[in-house]
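One file, data06.pdb, carrying PDB, C-alpha atoms:
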ATOM      1  CA  MET A   1     117.729 111.708  54.867
ATOM      2  CA  ARG A   2     117.820 114.723  52.556
ATOM      3  CA  HIS A   3     121.094 115.285  50.648
ATOM      4  CA  ILE A   4     122.275 118.061  48.354
ATOM      5  CA  LEU A   5     124.611 116.844  45.606
ATOM      6  CA  SER A   6     126.756 119.380  43.774
ATOM      7  CA  ILE A   7     127.828 118.028  40.394
ATOM      8  CA  LEU A   8     130.436 119.688  38.207
ATOM      9  CA  MET A   9     129.880 118.555  34.642
ATOM     10  CA  GLU A  10     130.730 119.404  31.063
ATOM     11  CA  ASN A  11     128.467 122.092  29.648
ATOM     12  CA  GLU A  12     127.284 120.217  26.585
ATOM     13  CA  SER A  13     124.069 119.089  24.982
ATOM     14  CA  GLY A  14     122.527 115.983  26.542
ATOM     15  CA  ALA A  15     124.675 115.920  29.701
ATOM     16  CA  MET A  16     121.837 116.943  32.000
ATOM     17  CA  SER A  17     119.537 114.415  30.364
ATOM     18  CA  ARG A  18     122.003 111.589  31.063
ATOM     19  CA  VAL A  19     122.265 112.543  34.747
ATOM     20  CA  VAL A  20     118.489 112.697  35.136
ATOM     21  CA  GLY A  21     118.162 109.443  33.197
ATOM     22  CA  LEU A  22     120.525 107.765  35.652
ATOM     23  CA  PHE A  23     118.219 108.700  38.537
ATOM     24  CA  SER A  24     115.152 107.539  36.652
ATOM     25  CA  ALA A  25     116.664 104.224  35.540
ATOM     26  CA  ARG A  26     117.576 103.313  39.111
ATOM     27  CA  ASP A  27     114.295 104.535  40.610
ATOM     28  CA  TYR A  28     115.926 107.337  42.629
ATOM     29  CA  ASN A  29     113.817 110.436  43.172
ATOM     30  CA  ILE A  30     114.972 113.994  42.489
ATOM     31  CA  ASP A  31     113.305 116.443  44.888
ATOM     32  CA  SER A  32     114.760 119.478  43.116
ATOM     33  CA  LEU A  33     117.266 120.203  40.389
ATOM     34  CA  SER A  34     118.995 123.369  39.260
ATOM     35  CA  VAL A  35     121.754 123.756  36.702
ATOM     36  CA  ALA A  36     123.678 126.660  35.185
ATOM     37  CA  PRO A  37     127.101 127.405  33.689
ATOM     38  CA  THR A  38     129.941 128.111  36.139
ATOM     39  CA  GLU A  39     132.706 130.704  36.032
ATOM     40  CA  ASP A  40     134.267 128.367  33.417
ATOM     41  CA  LYS A  41     131.803 128.406  30.500
ATOM     42  CA  THR A  42     132.807 124.841  29.509
ATOM     43  CA  LEU A  43     131.433 123.528  32.832
ATOM     44  CA  SER A  44     128.021 123.569  34.482
ATOM     45  CA  ARG A  45     127.120 123.016  38.087
ATOM     46  CA  MET A  46     124.068 120.873  38.721
ATOM     47  CA  THR A  47     122.562 120.860  42.196
ATOM     48  CA  ILE A  48     120.317 117.906  42.958
ATOM     49  CA  VAL A  49     118.323 117.461  46.146
ATOM     50  CA  THR A  50     117.497 113.826  46.783
ATOM     51  CA  SER A  51     116.764 111.536  49.710
ATOM     52  CA  GLY A  52     118.266 108.302  50.900
ATOM     53  CA  ASP A  53     120.413 106.686  53.525
ATOM     54  CA  ASP A  54     124.209 106.780  53.294
ATOM     55  CA  SER A  55     124.410 103.622  51.173
ATOM     56  CA  VAL A  56     121.904 104.968  48.621
ATOM     57  CA  ILE A  57     123.741 108.304  48.365
ATOM     58  CA  GLU A  58     127.057 106.462  47.999
ATOM     59  CA  GLN A  59     125.565 104.371  45.175
ATOM     60  CA  ILE A  60     124.178 107.475  43.441
ATOM     61  CA  THR A  61     127.579 109.182  43.705
ATOM     62  CA  LYS A  62     129.400 106.147  42.262
ATOM     63  CA  GLN A  63     126.954 105.928  39.352
ATOM     64  CA  LEU A  64     127.253 109.674  38.632
ATOM     65  CA  ASN A  65     131.044 109.461  38.610
ATOM     66  CA  LYS A  66     130.823 106.780  35.889
ATOM     67  CA  LEU A  67     129.208 109.248  33.468
ATOM     68  CA  ILE A  68     131.724 110.677  31.000
ATOM     69  CA  GLU A  69     130.378 114.248  31.283
ATOM     70  CA  VAL A  70     130.597 114.316  35.080
ATOM     71  CA  VAL A  71     133.822 115.908  36.314
ATOM     72  CA  LYS A  72     133.201 115.795  40.080
ATOM     73  CA  VAL A  73     130.412 114.973  42.544
ATOM     74  CA  VAL A  74     130.260 116.288  46.108
ATOM     75  CA  ASP A  75     127.651 115.537  48.756
ATOM     76  CA  LEU A  76     127.396 118.943  50.436
ATOM     77  CA  ASN A  77     125.960 117.290  53.551
ATOM     78  CA  GLU A  78     129.417 115.885  54.319
ATOM     79  CA  SER A  79     130.511 119.277  55.713
ATOM     80  CA  ARG A  80     129.175 122.765  56.316
ATOM     81  CA  PHE A  81     127.399 124.454  53.417
ATOM     82  CA  VAL A  82     125.131 127.345  52.496
ATOM     83  CA  GLU A  83     121.798 126.558  50.852
ATOM     84  CA  ARG A  84     119.367 128.959  49.219
ATOM     85  CA  GLU A  85     116.214 128.637  47.180
ATOM     86  CA  LEU A  86     114.072 131.296  45.531
ATOM     87  CA  MET A  87     110.276 131.186  45.642
ATOM     88  CA  LEU A  88     107.642 133.362  44.035
ATOM     89  CA  VAL A  89     104.216 132.891  45.577
ATOM     90  CA  LYS A  90     101.031 134.579  44.402
ATOM     91  CA  VAL A  91      98.542 134.974  47.236
ATOM     92  CA  ARG A  92      94.978 136.187  47.472
ATOM     93  CA  ALA A  93      95.132 139.586  49.168
ATOM     94  CA  VAL A  94      91.775 141.194  49.858
ATOM     95  CA  GLY A  95      90.440 143.004  52.906
ATOM     96  CA  LYS A  96      92.205 142.323  56.200
ATOM     97  CA  ASP A  97      94.464 139.696  54.556
ATOM     98  CA  ARG A  98      96.390 142.417  52.683
ATOM     99  CA  ASP A  99      98.042 143.825  55.805
ATOM    100  CA  GLU A 100      98.659 140.362  57.264
ATOM    101  CA  ILE A 101     100.441 139.169  54.109
ATOM    102  CA  LEU A 102     102.640 142.278  54.068
ATOM    103  CA  ARG A 103     103.512 141.663  57.728
ATOM    104  CA  LEU A 104     104.364 138.011  57.086
ATOM    105  CA  ALA A 105     106.455 138.892  54.031
ATOM    106  CA  GLU A 106     108.436 141.306  56.190
ATOM    107  CA  ILE A 107     108.904 138.735  58.973
ATOM    108  CA  TYR A 108     110.260 136.207  56.448
ATOM    109  CA  ARG A 109     112.407 138.906  54.812
ATOM    110  CA  GLY A 110     110.490 138.587  51.582
ATOM    111  CA  ARG A 111     109.348 141.376  49.346
ATOM    112  CA  VAL A 112     106.249 142.047  47.334
ATOM    113  CA  VAL A 113     107.193 142.180  43.636
ATOM    114  CA  ASP A 114     103.709 142.521  42.113
ATOM    115  CA  VAL A 115     100.488 144.031  43.421
ATOM    116  CA  THR A 116      96.932 143.927  42.105
ATOM    117  CA  ASP A 117      93.687 144.822  43.815
ATOM    118  CA  LYS A 118      93.138 141.116  44.649
ATOM    119  CA  SER A 119      96.631 139.602  44.963
ATOM    120  CA  TYR A 120     100.272 140.023  45.933
ATOM    121  CA  THR A 121     103.229 138.194  44.478
ATOM    122  CA  VAL A 122     105.874 137.688  47.160
ATOM    123  CA  GLU A 123     109.526 136.812  46.518
ATOM    124  CA  ILE A 124     111.319 134.927  49.284
ATOM    125  CA  THR A 125     114.844 133.546  49.360
ATOM    126  CA  GLY A 126     116.194 131.148  51.963
ATOM    127  CA  THR A 127     116.489 127.527  52.917
ATOM    128  CA  SER A 128     113.842 125.104  51.741
ATOM    129  CA  ASP A 129     112.607 124.839  55.340
ATOM    130  CA  LYS A 130     112.121 128.613  55.529
ATOM    131  CA  LEU A 131     110.101 128.632  52.309
ATOM    132  CA  ASP A 132     107.986 125.710  53.495
ATOM    133  CA  SER A 133     107.367 127.530  56.771
ATOM    134  CA  PHE A 134     106.193 130.654  54.929
ATOM    135  CA  LEU A 135     103.710 128.598  52.903
ATOM    136  CA  GLU A 136     102.377 126.898  56.052
ATOM    137  CA  THR A 137     102.018 130.241  57.821
ATOM    138  CA  ILE A 138     100.149 131.840  54.916
ATOM    139  CA  GLY A 139      97.805 128.869  54.717
ATOM    140  CA  ARG A 140      96.772 126.926  51.632
ATOM    141  CA  GLY A 141      93.514 128.855  51.333
ATOM    142  CA  LEU A 142      95.245 132.078  50.286
ATOM    143  CA  ILE A 143      97.878 130.594  47.958
ATOM    144  CA  LEU A 144      96.994 130.964  44.289
ATOM    145  CA  GLU A 145     100.255 129.848  42.675
ATOM    146  CA  THR A 146     103.787 128.903  43.737
ATOM    147  CA  VAL A 147     107.013 128.719  41.720
ATOM    148  CA  ARG A 148     110.292 127.517  43.255
ATOM    149  CA  THR A 149     113.787 127.323  41.795
ATOM    150  CA  GLY A 150     115.014 124.343  43.766
ATOM    151  CA  ALA A 151     117.935 124.460  46.162
ATOM    152  CA  ALA A 152     121.364 125.724  45.256
ATOM    153  CA  GLY A 153     124.242 125.032  47.614
ATOM    154  CA  ILE A 154     127.892 125.818  48.072
ATOM    155  CA  GLY A 155     130.457 124.734  50.658
ATOM    156  CA  ARG A 156     131.266 127.195  53.427
ATOM    157  CA  GLY A 157     134.634 128.866  53.829
ATOM    158  CA  GLU A 158     137.609 127.709  51.801
ATOM    159  CA  ARG A 159     135.893 124.581  50.465
ATOM    160  CA  ILE A 160     135.825 124.810  46.654
ATOM    161  CA  LEU A 161     134.426 122.356  44.104
ATOM    162  CA  ARG A 162     136.944 122.322  41.267
ATOM    163  CA  ILE A 163     138.481 119.875  38.839
TER     164      ILE A 163
END
Just dump the structure as C-alpha coordinates.
Amino acid sequence: MRHILSILMENESGAMSRVVGLFSARDYNIDSLSVAPTEDKTLSRMTIVTSGDDSVIEQITKQLNKLIEVVKVVDLNESRFVERELMLVKVRAVGKDRDEILRLAEIYRGRVVDVTDKSYTVEITGTSDKLDSFLETIGRGLILETVRTGAAGIGRGERILRI
(Lines of atoms letter the chains of each structure in order from A and count residues from 1; the text may use other names and numbers.)
(Lines give C-alpha, C1' and ligand atoms only; values in the text may rest on other atoms or scores of the structure.)
Protein backbone atom coordinates (compact mmCIF):
# COMPACT_ATOMS: atom_id res chain seq x y z
CA MET A 1 0.00 0.00 0.00
CA ARG A 2 1.18 3.53 -0.79
CA HIS A 3 2.12 5.70 2.22
CA ILE A 4 3.15 9.33 2.54
CA LEU A 5 5.62 9.96 5.36
CA SER A 6 6.09 13.51 6.62
CA ILE A 7 9.44 13.86 8.37
CA LEU A 8 10.43 16.91 10.40
CA MET A 9 14.21 17.03 10.56
CA GLU A 10 17.10 19.34 11.34
CA ASN A 11 18.01 21.54 8.40
CA GLU A 12 21.68 20.65 8.20
CA SER A 13 24.16 19.27 5.73
CA GLY A 14 24.00 15.50 5.25
CA ALA A 15 20.66 14.94 7.03
CA MET A 16 18.76 14.16 3.83
CA SER A 17 21.53 11.83 2.71
CA ARG A 18 21.29 9.82 5.94
CA VAL A 19 17.51 9.41 5.56
CA VAL A 20 17.85 8.27 1.95
CA GLY A 21 20.74 6.00 2.94
CA LEU A 22 18.52 4.34 5.54
CA PHE A 23 16.01 3.43 2.82
CA SER A 24 18.73 2.17 0.52
CA ALA A 25 20.51 0.10 3.18
CA ARG A 26 17.30 -1.73 4.07
CA ASP A 27 16.17 -2.18 0.46
CA TYR A 28 13.09 0.05 0.83
CA ASN A 29 12.03 1.95 -2.26
CA ILE A 30 11.32 5.68 -2.38
CA ASP A 31 8.65 6.47 -4.99
CA SER A 32 9.05 10.23 -4.55
CA LEU A 33 10.86 12.61 -2.25
CA SER A 34 10.57 16.33 -1.66
CA VAL A 35 12.27 18.43 0.99
CA ALA A 36 12.38 22.12 1.89
CA PRO A 37 12.86 24.35 4.94
CA THR A 38 9.80 24.94 7.15
CA GLU A 39 8.54 28.09 8.82
CA ASP A 40 11.39 27.45 11.31
CA LYS A 41 14.57 27.80 9.23
CA THR A 42 16.42 25.32 11.50
CA LEU A 43 14.02 22.54 10.41
CA SER A 44 13.15 20.96 7.08
CA ARG A 45 10.16 18.89 6.14
CA MET A 46 10.85 15.85 4.00
CA THR A 47 7.92 14.13 2.32
CA ILE A 48 8.59 10.57 1.20
CA VAL A 49 6.17 8.42 -0.76
CA THR A 50 6.88 4.73 -0.31
CA SER A 51 5.03 1.43 -0.43
CA GLY A 52 4.65 -1.40 2.01
CA ASP A 53 2.29 -3.14 4.37
CA ASP A 54 1.73 -1.83 7.90
CA SER A 55 4.65 -3.78 9.37
CA VAL A 56 7.09 -2.42 6.76
CA ILE A 57 5.91 1.16 7.33
CA GLU A 58 6.18 0.67 11.10
CA GLN A 59 9.75 -0.60 10.66
CA ILE A 60 10.66 2.35 8.42
CA THR A 61 9.20 4.78 10.97
CA LYS A 62 11.14 3.18 13.85
CA GLN A 63 14.39 3.31 11.88
CA LEU A 64 13.82 6.96 10.90
CA ASN A 65 13.16 7.92 14.52
CA LYS A 66 16.57 6.48 15.47
CA LEU A 67 18.36 9.05 13.29
CA ILE A 68 19.70 11.96 15.34
CA GLU A 69 18.58 14.60 12.81
CA VAL A 70 15.00 13.35 12.68
CA VAL A 71 12.71 15.28 15.03
CA LYS A 72 9.37 13.62 14.19
CA VAL A 73 7.90 11.16 11.68
CA VAL A 74 4.20 10.98 10.79
CA ASP A 75 2.50 8.58 8.41
CA LEU A 76 -0.08 10.89 6.84
CA ASN A 77 -2.17 7.87 5.83
CA GLU A 78 -3.12 7.39 9.48
CA SER A 79 -5.70 10.21 9.20
CA ARG A 80 -7.09 12.66 6.69
CA PHE A 81 -4.58 14.67 4.67
CA VAL A 82 -4.19 16.88 1.61
CA GLU A 83 -1.75 15.78 -1.09
CA ARG A 84 -0.51 17.76 -4.07
CA GLU A 85 2.11 17.27 -6.73
CA LEU A 86 3.23 19.57 -9.53
CA MET A 87 3.91 18.29 -13.04
CA LEU A 88 5.24 20.00 -16.14
CA VAL A 89 4.64 18.00 -19.29
CA LYS A 90 5.83 18.96 -22.76
CA VAL A 91 3.56 17.53 -25.45
CA ARG A 92 3.67 17.44 -29.22
CA ALA A 93 1.00 19.87 -30.40
CA VAL A 94 0.51 20.03 -34.16
CA GLY A 95 -2.62 20.12 -36.28
CA LYS A 96 -5.81 18.85 -34.66
CA ASP A 97 -3.91 17.81 -31.50
CA ARG A 98 -3.41 21.47 -30.51
CA ASP A 99 -7.08 22.07 -29.71
CA GLU A 100 -7.46 18.68 -28.04
CA ILE A 101 -4.51 19.30 -25.70
CA LEU A 102 -5.89 22.72 -24.74
CA ARG A 103 -9.26 21.11 -24.00
CA LEU A 104 -7.69 18.38 -21.87
CA ALA A 105 -5.55 20.89 -19.99
CA GLU A 106 -8.70 22.83 -19.16
CA ILE A 107 -10.57 19.70 -18.04
CA TYR A 108 -7.70 18.79 -15.69
CA ARG A 109 -7.45 22.41 -14.50
CA GLY A 110 -3.98 22.73 -15.92
CA ARG A 111 -2.55 25.66 -17.78
CA VAL A 112 -0.28 26.05 -20.75
CA VAL A 113 2.92 27.79 -19.62
CA ASP A 114 4.92 27.60 -22.86
CA VAL A 115 3.87 27.49 -26.50
CA THR A 116 5.83 26.81 -29.68
CA ASP A 117 4.60 26.00 -33.16
CA LYS A 118 5.10 22.26 -32.44
CA SER A 119 4.60 21.86 -28.67
CA TYR A 120 2.84 22.98 -25.50
CA THR A 121 4.18 22.78 -21.98
CA VAL A 122 1.33 22.15 -19.55
CA GLU A 123 1.47 22.71 -15.79
CA ILE A 124 -0.85 20.58 -13.68
CA THR A 125 -1.19 20.40 -9.91
CA GLY A 126 -3.12 17.74 -8.02
CA THR A 127 -2.92 14.29 -6.55
CA SER A 128 -0.54 11.78 -8.07
CA ASP A 129 -3.56 9.87 -9.42
CA LYS A 130 -4.82 12.99 -11.21
CA LEU A 131 -1.44 13.57 -12.85
CA ASP A 132 -1.20 9.92 -13.89
CA SER A 133 -4.69 10.15 -15.37
CA PHE A 134 -3.73 13.22 -17.41
CA LEU A 135 -0.71 11.40 -18.85
CA GLU A 136 -2.84 8.36 -19.75
CA THR A 137 -5.46 10.56 -21.40
CA ILE A 138 -2.90 12.46 -23.47
CA GLY A 139 -1.31 9.21 -24.60
CA ARG A 140 2.37 8.30 -24.63
CA GLY A 141 2.68 9.14 -28.32
CA LEU A 142 2.30 12.88 -27.75
CA ILE A 143 4.40 13.21 -24.59
CA LEU A 144 7.87 14.60 -25.25
CA GLU A 145 9.07 15.18 -21.69
CA THR A 146 7.68 15.02 -18.15
CA VAL A 147 8.97 16.56 -14.91
CA ARG A 148 7.28 15.93 -11.55
CA THR A 149 8.00 17.34 -8.10
CA GLY A 150 6.87 14.36 -6.07
CA ALA A 151 4.03 14.47 -3.58
CA ALA A 152 3.79 16.94 -0.75
CA GLY A 153 1.25 16.34 1.99
CA ILE A 154 -0.15 17.97 5.08
CA GLY A 155 -2.72 16.84 7.64
CA ARG A 156 -6.22 18.25 7.31
CA GLY A 157 -7.79 20.59 9.84
CA GLU A 158 -6.13 21.20 13.18
CA ARG A 159 -3.57 18.41 12.79
CA ILE A 160 -0.09 19.97 12.95
CA LEU A 161 3.33 18.31 12.71
CA ARG A 162 5.47 20.07 15.30
CA ILE A 163 8.19 19.26 17.79
Could you give me, as a VMD selection string, the residues within 9 Å of stretch 49-65 of chain A, counting only C-alpha atoms and dropping anything in the same chain fewer than 3 positions from it? chain A and resid 1 to 7 19 22 to 23 26 28 to 33 68 to 75 150 to 152
Selected residue of minimal separation from A:Thr42 among A:Ser119, A:Ser24, A:Asn11, A:Thr146, counting all atoms listed in the file: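 Smallest distance to A:Thr42 is found for A:Asn11.
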Which residue is closest to A:Thr121? Choose from A:Ser13, A:Phe134, A:Leu144, A:Leu43 and count only C-alpha atoms. A:Leu144
Tell me which of A:Glu39, A:Glu158, A:Gly139, A:Arg18 sits closest to A:Glu100, counting all atoms listed in the file.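 Looking at the shortest contact to A:Glu100, the residue is A:Gly139.
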Near-stretch 77-90 of chain A list (10 Å; all atoms listed in the file; drop same-chain fewer than 4 positions) as a PyMOL selection string: chain A and resi 2-5+34+110-115+119-132+134-135+142-157+159
Atom CA of A:Lys41 to atom CA of A:Gly21: how many Å, to one decimal? 23.5 Å
Distance of atom CA of A:Leu76 from atom CA of A:Gly14, expressed in Å to one decimal place: 24.6 Å
May I ask for the distance between atom CA of A:Arg140 and atom CA of A:Asp97, given in Å to one decimal place? 13.3 Å
